[in-house]
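As provided, query.txt (compact mmCIF, C-alpha atoms) reads as follows.
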# COMPACT_ATOMS: atom_id res chain seq x y z
CA MET A 1 15.29 10.19 -11.96
CA ARG A 2 11.64 10.06 -11.02
CA GLU A 3 9.55 13.17 -11.33
CA ALA A 4 8.77 14.65 -7.93
CA GLY A 5 5.50 15.94 -6.57
CA LEU A 6 1.94 15.49 -7.79
CA ARG A 7 2.89 15.36 -11.46
CA GLY A 8 5.24 12.43 -10.89
CA PHE A 9 2.68 10.67 -8.71
CA TRP A 10 0.05 11.09 -11.44
CA ARG A 11 2.35 9.69 -14.16
CA ARG A 12 3.18 6.62 -12.05
CA ASN A 13 -0.39 5.94 -10.88
CA SER A 14 -2.73 7.52 -13.44
CA LEU A 15 -4.28 4.23 -14.59
CA SER A 16 -5.40 3.12 -11.12
CA ILE A 17 -6.50 6.67 -10.21
CA VAL A 18 -8.74 6.99 -13.28
CA VAL A 19 -10.15 3.46 -12.95
CA LEU A 20 -10.97 4.04 -9.26
CA ALA A 21 -12.51 7.42 -10.12
CA PHE A 22 -14.82 5.71 -12.65
CA PHE A 23 -15.65 3.10 -9.99
CA VAL A 24 -16.62 5.76 -7.42
CA PHE A 25 -18.64 7.71 -10.01
CA PHE A 26 -20.62 4.69 -11.20
CA TRP A 27 -21.07 3.32 -7.66
CA ALA A 28 -22.46 6.70 -6.59
CA GLY A 29 -24.80 6.60 -9.60
CA GLN A 30 -25.92 3.11 -8.58
CA ALA A 31 -26.57 4.32 -5.03
CA VAL A 32 -28.71 7.28 -6.07
CA ALA A 33 -30.65 5.37 -8.74
CA GLY A 34 -31.15 2.40 -6.40
CA TRP A 35 -32.30 4.71 -3.60
CA LEU A 36 -34.92 6.35 -5.82
CA SER A 37 -36.10 2.99 -7.19
CA TYR A 38 -36.27 1.36 -3.76
CA ASN A 39 -38.25 4.25 -2.31
CA GLU A 40 -40.74 4.03 -5.18
CA MET A 41 -41.26 0.37 -4.27
CA ARG A 42 -41.64 1.19 -0.57
CA ILE A 43 -44.23 3.86 -1.31
CA GLU A 44 -46.17 1.35 -3.43
CA HIS A 45 -46.24 -0.93 -0.38
CA GLN A 46 -47.33 2.00 1.82
CA LEU A 47 -43.98 2.09 3.68
CA ALA A 48 -42.06 5.21 4.63
CA PRO A 49 -39.21 6.07 2.23
CA LEU A 50 -35.61 5.87 3.47
CA ASN A 51 -33.13 8.71 3.41
CA LEU A 52 -29.95 8.10 1.42
CA THR A 53 -27.80 7.35 4.48
CA ARG A 54 -30.16 4.61 5.67
CA TYR A 55 -30.47 3.24 2.14
CA LEU A 56 -26.69 2.74 1.91
CA SER A 57 -26.86 0.32 4.85
CA SER A 58 -29.99 -1.43 3.56
CA SER A 59 -30.06 -4.99 2.26
CA HIS A 60 -31.26 -3.68 -1.12
CA PHE A 61 -28.05 -1.70 -1.73
CA ILE A 62 -25.66 -4.21 -0.14
CA GLU A 63 -27.20 -7.14 -2.04
CA ALA A 64 -26.98 -5.35 -5.40
CA THR A 65 -23.37 -4.31 -4.78
CA SER A 66 -22.06 -7.61 -3.41
CA GLU A 67 -23.83 -9.58 -6.15
CA ASN A 68 -21.82 -7.71 -8.80
CA TRP A 69 -18.52 -7.68 -6.91
CA GLU A 70 -18.83 -11.43 -6.39
CA SER A 71 -18.92 -12.09 -10.14
CA GLU A 72 -16.02 -9.71 -10.83
CA PHE A 73 -13.72 -11.35 -8.30
CA LEU A 74 -14.68 -14.85 -9.48
CA GLN A 75 -13.94 -13.87 -13.06
CA MET A 76 -10.55 -12.34 -12.29
CA GLY A 77 -9.48 -15.11 -9.92
CA LEU A 78 -10.30 -17.88 -12.37
CA PHE A 79 -8.82 -15.97 -15.31
CA VAL A 80 -5.54 -15.43 -13.44
CA LEU A 81 -5.44 -19.14 -12.56
CA LEU A 82 -6.51 -20.46 -15.97
CA THR A 83 -3.85 -18.44 -17.81
CA VAL A 84 -1.20 -20.38 -15.86
CA PHE A 85 -2.18 -23.66 -17.54
CA LEU A 86 -4.15 -22.79 -20.69
CA ARG A 87 -3.19 -21.00 -23.91
CA GLN A 88 -4.93 -19.25 -26.79
CA LYS A 89 -2.69 -18.90 -29.82
CA GLY A 90 -2.64 -15.35 -31.10
CA SER A 91 -4.32 -13.76 -28.06
CA ALA A 92 -2.71 -10.85 -26.23
CA GLU A 93 -4.25 -12.22 -23.00
CA SER A 94 -2.46 -15.59 -23.19
CA ASN A 95 1.01 -16.64 -22.12
CA PRO A 96 3.26 -17.56 -25.08
CA MET A 97 2.73 -20.92 -26.77
CA PRO A 98 5.36 -23.58 -25.96
CA GLU A 99 7.20 -22.98 -29.25
CA GLU A 100 7.48 -19.25 -28.40
CA GLU A 101 8.67 -19.62 -24.82
CA GLY A 102 12.33 -19.91 -25.75
CA GLU A 103 12.29 -16.33 -27.01
CA GLU A 104 10.52 -15.05 -23.89
CA ASP A 105 12.93 -16.81 -21.48
CA SER A 106 16.15 -15.70 -23.14
CA GLY A 107 17.25 -13.49 -20.17
CA SER A 108 19.95 -14.77 -17.82
CA ALA A 109 19.16 -16.30 -14.42
CA GLU A 110 21.13 -13.52 -12.75
CA HIS A 111 18.97 -10.85 -14.39
CA SER A 112 15.82 -12.77 -13.36
CA ILE A 113 16.86 -12.85 -9.71
CA LYS A 114 17.83 -9.17 -9.68
CA SER A 115 14.49 -8.17 -11.20
CA GLU A 116 12.45 -10.02 -8.56
CA PRO A 117 10.43 -7.87 -6.14
CA SER A 118 12.15 -7.47 -2.79
CA ALA A 119 9.25 -9.35 -1.14
CA ALA A 120 10.09 -12.41 -3.25
CA ARG A 121 13.83 -12.25 -2.55
CA GLN A 122 13.20 -12.10 1.20
CA ARG A 123 11.17 -15.32 1.19
CA PRO A 124 12.60 -18.86 1.14
CA ARG A 125 12.55 -20.70 -2.20
CA ARG A 126 10.36 -23.46 -0.76
CA GLY A 127 7.65 -23.92 1.86
CA LEU A 128 4.19 -22.57 2.63
CA GLY A 129 5.26 -18.92 2.78
CA ARG A 130 6.78 -19.10 -0.69
CA TRP A 131 3.74 -20.95 -2.08
CA LEU A 132 1.39 -18.33 -0.65
CA TYR A 133 3.44 -15.52 -2.20
CA GLU A 134 3.64 -17.27 -5.59
CA HIS A 135 -0.16 -17.64 -5.69
CA SER A 136 -1.10 -14.51 -3.75
CA LEU A 137 -2.88 -12.82 -6.69
CA SER A 138 -5.37 -15.62 -7.37
CA LEU A 139 -5.78 -16.32 -3.64
CA ALA A 140 -6.62 -12.65 -3.01
CA PHE A 141 -9.28 -12.70 -5.74
CA PHE A 142 -10.83 -15.91 -4.42
CA LEU A 143 -10.89 -14.52 -0.87
CA LEU A 144 -12.61 -11.37 -2.12
CA PHE A 145 -15.06 -13.54 -4.08
CA PHE A 146 -15.87 -15.55 -0.94
CA LEU A 147 -16.47 -12.40 1.12
CA ALA A 148 -18.70 -10.91 -1.59
CA PHE A 149 -20.57 -14.23 -1.94
CA VAL A 150 -21.29 -14.28 1.81
CA ALA A 151 -22.40 -10.63 1.76
CA HIS A 152 -24.66 -11.36 -1.23
CA ALA A 153 -26.24 -14.34 0.55
CA ILE A 154 -26.86 -12.52 3.85
CA SER A 155 -28.13 -9.27 2.33
CA GLY A 156 -30.17 -11.15 -0.28
CA ALA A 157 -31.88 -13.21 2.43
CA SER A 158 -32.59 -10.04 4.41
CA LEU A 159 -34.08 -8.34 1.34
CA GLU A 160 -36.17 -11.41 0.57
CA ASN A 161 -37.54 -11.43 4.12
CA SER A 162 -38.36 -7.73 3.93
CA GLU A 163 -40.46 -8.42 0.84
CA ARG A 164 -42.07 -11.43 2.51
CA MET A 165 -42.95 -9.31 5.52
CA ALA A 166 -44.57 -6.72 3.27
CA HIS A 167 -46.76 -9.50 1.84
CA ASN A 168 -47.49 -11.05 5.26
CA GLU A 169 -45.54 -14.20 4.40
CA PRO A 170 -43.33 -16.20 6.81
CA PRO A 171 -39.58 -15.38 6.78
CA GLN A 172 -37.04 -17.62 5.06
CA GLU A 173 -33.90 -19.03 6.69
CA LEU A 174 -30.50 -18.19 5.22
CA LEU A 175 -29.93 -21.77 4.06
CA GLY A 176 -33.34 -21.75 2.43
CA PHE A 177 -32.45 -18.61 0.50
CA LEU A 178 -29.10 -20.15 -0.54
CA ALA A 179 -31.03 -23.10 -1.99
CA SER A 180 -33.56 -20.88 -3.77
CA SER A 181 -33.74 -20.37 -7.52
CA GLN A 182 -33.72 -16.59 -6.96
CA PHE A 183 -30.26 -16.62 -5.35
CA TRP A 184 -28.73 -18.73 -8.10
CA PHE A 185 -30.52 -16.76 -10.82
CA GLU A 186 -28.90 -13.59 -9.46
CA SER A 187 -25.49 -15.30 -9.29
CA PHE A 188 -25.48 -17.05 -12.67
CA GLN A 189 -26.75 -14.02 -14.59
CA ASN A 190 -23.70 -12.08 -13.40
CA TRP A 191 -21.17 -14.88 -13.69
CA GLN A 192 -22.05 -15.69 -17.30
CA SER A 193 -21.69 -12.06 -18.38
CA GLU A 194 -18.23 -11.79 -16.81
CA PHE A 195 -16.93 -14.84 -18.67
CA LEU A 196 -18.51 -13.59 -21.88
CA ALA A 197 -16.44 -10.41 -21.47
CA VAL A 198 -13.26 -12.40 -20.75
CA GLY A 199 -13.85 -14.67 -23.74
CA ALA A 200 -14.46 -11.64 -25.94
CA ILE A 201 -11.16 -9.94 -25.06
CA VAL A 202 -9.23 -13.24 -25.34
CA LEU A 203 -10.57 -13.87 -28.85
CA LEU A 204 -10.88 -10.31 -30.18
CA SER A 205 -7.29 -9.52 -29.20
CA ILE A 206 -6.16 -12.12 -31.76
CA TRP A 207 -7.32 -9.96 -34.68
CA LEU A 208 -7.96 -6.47 -33.28
CA ARG A 209 -5.50 -3.89 -31.90
CA GLU A 210 -5.48 -0.78 -29.71
CA ARG A 211 -2.28 1.19 -30.20
CA GLY A 212 -0.42 1.74 -26.92
CA SER A 213 -2.60 -0.57 -24.77
CA SER A 214 -1.01 -3.30 -22.65
CA GLN A 215 -4.09 -5.41 -23.45
CA SER A 216 -3.24 -5.39 -27.15
CA LYS A 217 -0.41 -6.80 -29.22
CA PRO A 218 1.66 -4.29 -31.23
CA VAL A 219 -0.31 -2.95 -34.18
CA ASP A 220 1.97 -4.60 -36.73
CA ALA A 221 2.19 -7.97 -34.92
CA PRO A 222 0.86 -10.95 -36.90
CA ASN A 223 -2.46 -12.45 -35.79
CA GLU A 224 -0.84 -15.73 -34.78
CA LYS A 225 1.58 -14.05 -32.34
CA THR A 226 0.61 -14.86 -28.76
CA GLY A 227 0.97 -12.30 -25.95
CA GLY A 228 1.62 -8.58 -26.00
Rewrite the structure from the file as structure tokens, please.
Amino acid sequence: MREAGLRGFWRRNSLSIVVLAFFVFFWAGQAVAGWLSYNEMRIEHQLAPLNLTRYLSSSHFIEATSENWESEFLQMGLFVLLTVFLRQKGSAESNPMPEEEGEEDSGSAEHSIKSEPSAARQRPRRGLGRWLYEHSLSLAFFLLFFLAFVAHAISGASLENSERMAHNEPPQELLGFLASSQFWFESFQNWQSEFLAVGAIVLLSIWLRERGSSQSKPVDAPNEKTGG
């Protein structure tokens, strides 16, 4: 029987609660540090500083936030998709190698159907609705990436035009900013770091362990064993 009340809720959801708490804490830190930094720059250009509320709706804050979210969602979406087709022998982040799949699929078909989420059992086995459900995780990440990419482009162009205005330069169109080296420099510097992190956990999980973590193989598992 499940534990009732707040204690039971905490036990069932503690990972997401703590991760989201870290997110809020670090995002708040970004907001305050960005606000102070941006106001220093405005004062240097003889502009009035913004209060924190106005800063949170400024292109400076939105551009910095969306630029980072964009790379995170791209990384997770592609990683989810790539792990469908590709393997890394010995990595805890990889599906089993073909020679290991017989052991993983030893459960009966009846057990597999019973263990499906109710949302899956309620959908037909074929058709667009089923396809969307089967790929909903990667599709959600790519949709979030697209939204963050658009926000990055719009807020980045607005920030660029604010700086141009301060230097008495003509404004730049959105398409012009999208074609600029600055926009792609901002994008690529974040994208490369995300895939470095993914590559690191894929490879390091072959040889290294963290007892009790779902991202690690069992401590005593051989290095060549794939998956957790």
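What separates atom CA of A:Gly156 from atom CA of A:Leu196 is a distance of 24.7 Å.
Minimum distance to A:Leu50 across A:Val32, A:Val18, A:Ala64, A:Ile201 (counting only C-alpha atoms) occurs at A:Val32.
Of the listed residues (A:Ile206, A:Glu186, A:Lys225, A:Arg125), A:Lys225 comes nearest to A:Pro96; the distances count only C-alpha atoms.
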I need the residue nearest A:Ser214 from this list: A:Leu15, A:Phe22, A:Ser57, A:Gly5. Use all atoms listed in the file for the distance. A:Leu15
Tell me which protein, DNA and RNA residues are within 9 Å of A:Ser158, counting all atoms listed in the file, leaving out same-chain ones fewer than 5 positions away, and put them as a PyMOL selection string. chain A and resi 59-60+63+153+163+172+174
Nearest to A:Asn161 by atom-to-atom distance, counting only C-alpha atoms, from A:Ala48, A:Phe177, A:Ser187, A:Phe149: A:Phe177
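Atom CA of A:Val84 is positioned 17.3 Å from atom CA of A:Leu203.
In this structure, atom CA of A:Leu82 sits 20.0 Å away from atom CA of A:Lys217.
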Please report, as lines of an AutoDock Vina configuration file, the centre and edge lengths in Å to one decimal of an axis-aligned box covering all listed atoms of stretch 54-73 of chain A with 8 Å per side.
center_x = -22.5
center_y = -3.7
center_z = -2.6
size_x = 33.5
size_y = 32.7
size_z = 32.5
Within 9 Å of A:Gln88, counting only C-alpha atoms, which residues qualify if same-chain residues fewer than 4 places away don't, as an mmCIF file with C-alpha atoms, keeping the file's coordinate frame?
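The result, stored in result-v6.cif:
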data_model
loop_
_atom_site.group_PDB
_atom_site.id
_atom_site.type_symbol
_atom_site.label_atom_id
_atom_site.label_comp_id
_atom_site.auth_asym_id
_atom_site.auth_seq_id
_atom_site.Cartn_x
_atom_site.Cartn_y
_atom_site.Cartn_z
ATOM 1 C CA ALA A 92 -2.710 -10.850 -26.230
ATOM 2 C CA GLU A 93 -4.250 -12.220 -23.000
ATOM 3 C CA SER A 94 -2.460 -15.590 -23.190
ATOM 4 C CA ASN A 95 1.010 -16.640 -22.120
ATOM 5 C CA PRO A 96 3.260 -17.560 -25.080
ATOM 6 C CA MET A 97 2.730 -20.920 -26.770
ATOM 7 C CA VAL A 202 -9.230 -13.240 -25.340
ATOM 8 C CA LEU A 203 -10.570 -13.870 -28.850
ATOM 9 C CA ILE A 206 -6.160 -12.120 -31.760
ATOM 10 C CA THR A 226 0.610 -14.860 -28.760
#
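Closest approach to A:Ser37 from the set A:Leu52, A:Phe142, A:Ala197, A:Met165 is made by A:Leu52, with distances taken over only C-alpha atoms.
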Considering all atoms listed in the file, tabulate each residue of stretch 153-201 of chain A that lies at most 8 Å from stretch 72-81 of chain A along with its nearest interatomic pair and the corresponding distance in Å to one decimal; arrange the rows by chain and ascending residue number and present them as CSV.
residue,atom,partner,partner_atom,distance
A:Trp191,CA,A:Gln75,CA,7.3
A:Glu194,CA,A:Gln75,CA,6.1
A:Phe195,CA,A:Gln75,CA,6.4
A:Val198,CA,A:Gln75,CA,7.9
Restricting the calculation to only C-alpha atoms: of A:Glu173, A:Ala166, A:Ala221, A:Glu67, which residue gets closest to A:Asn190? A:Glu67
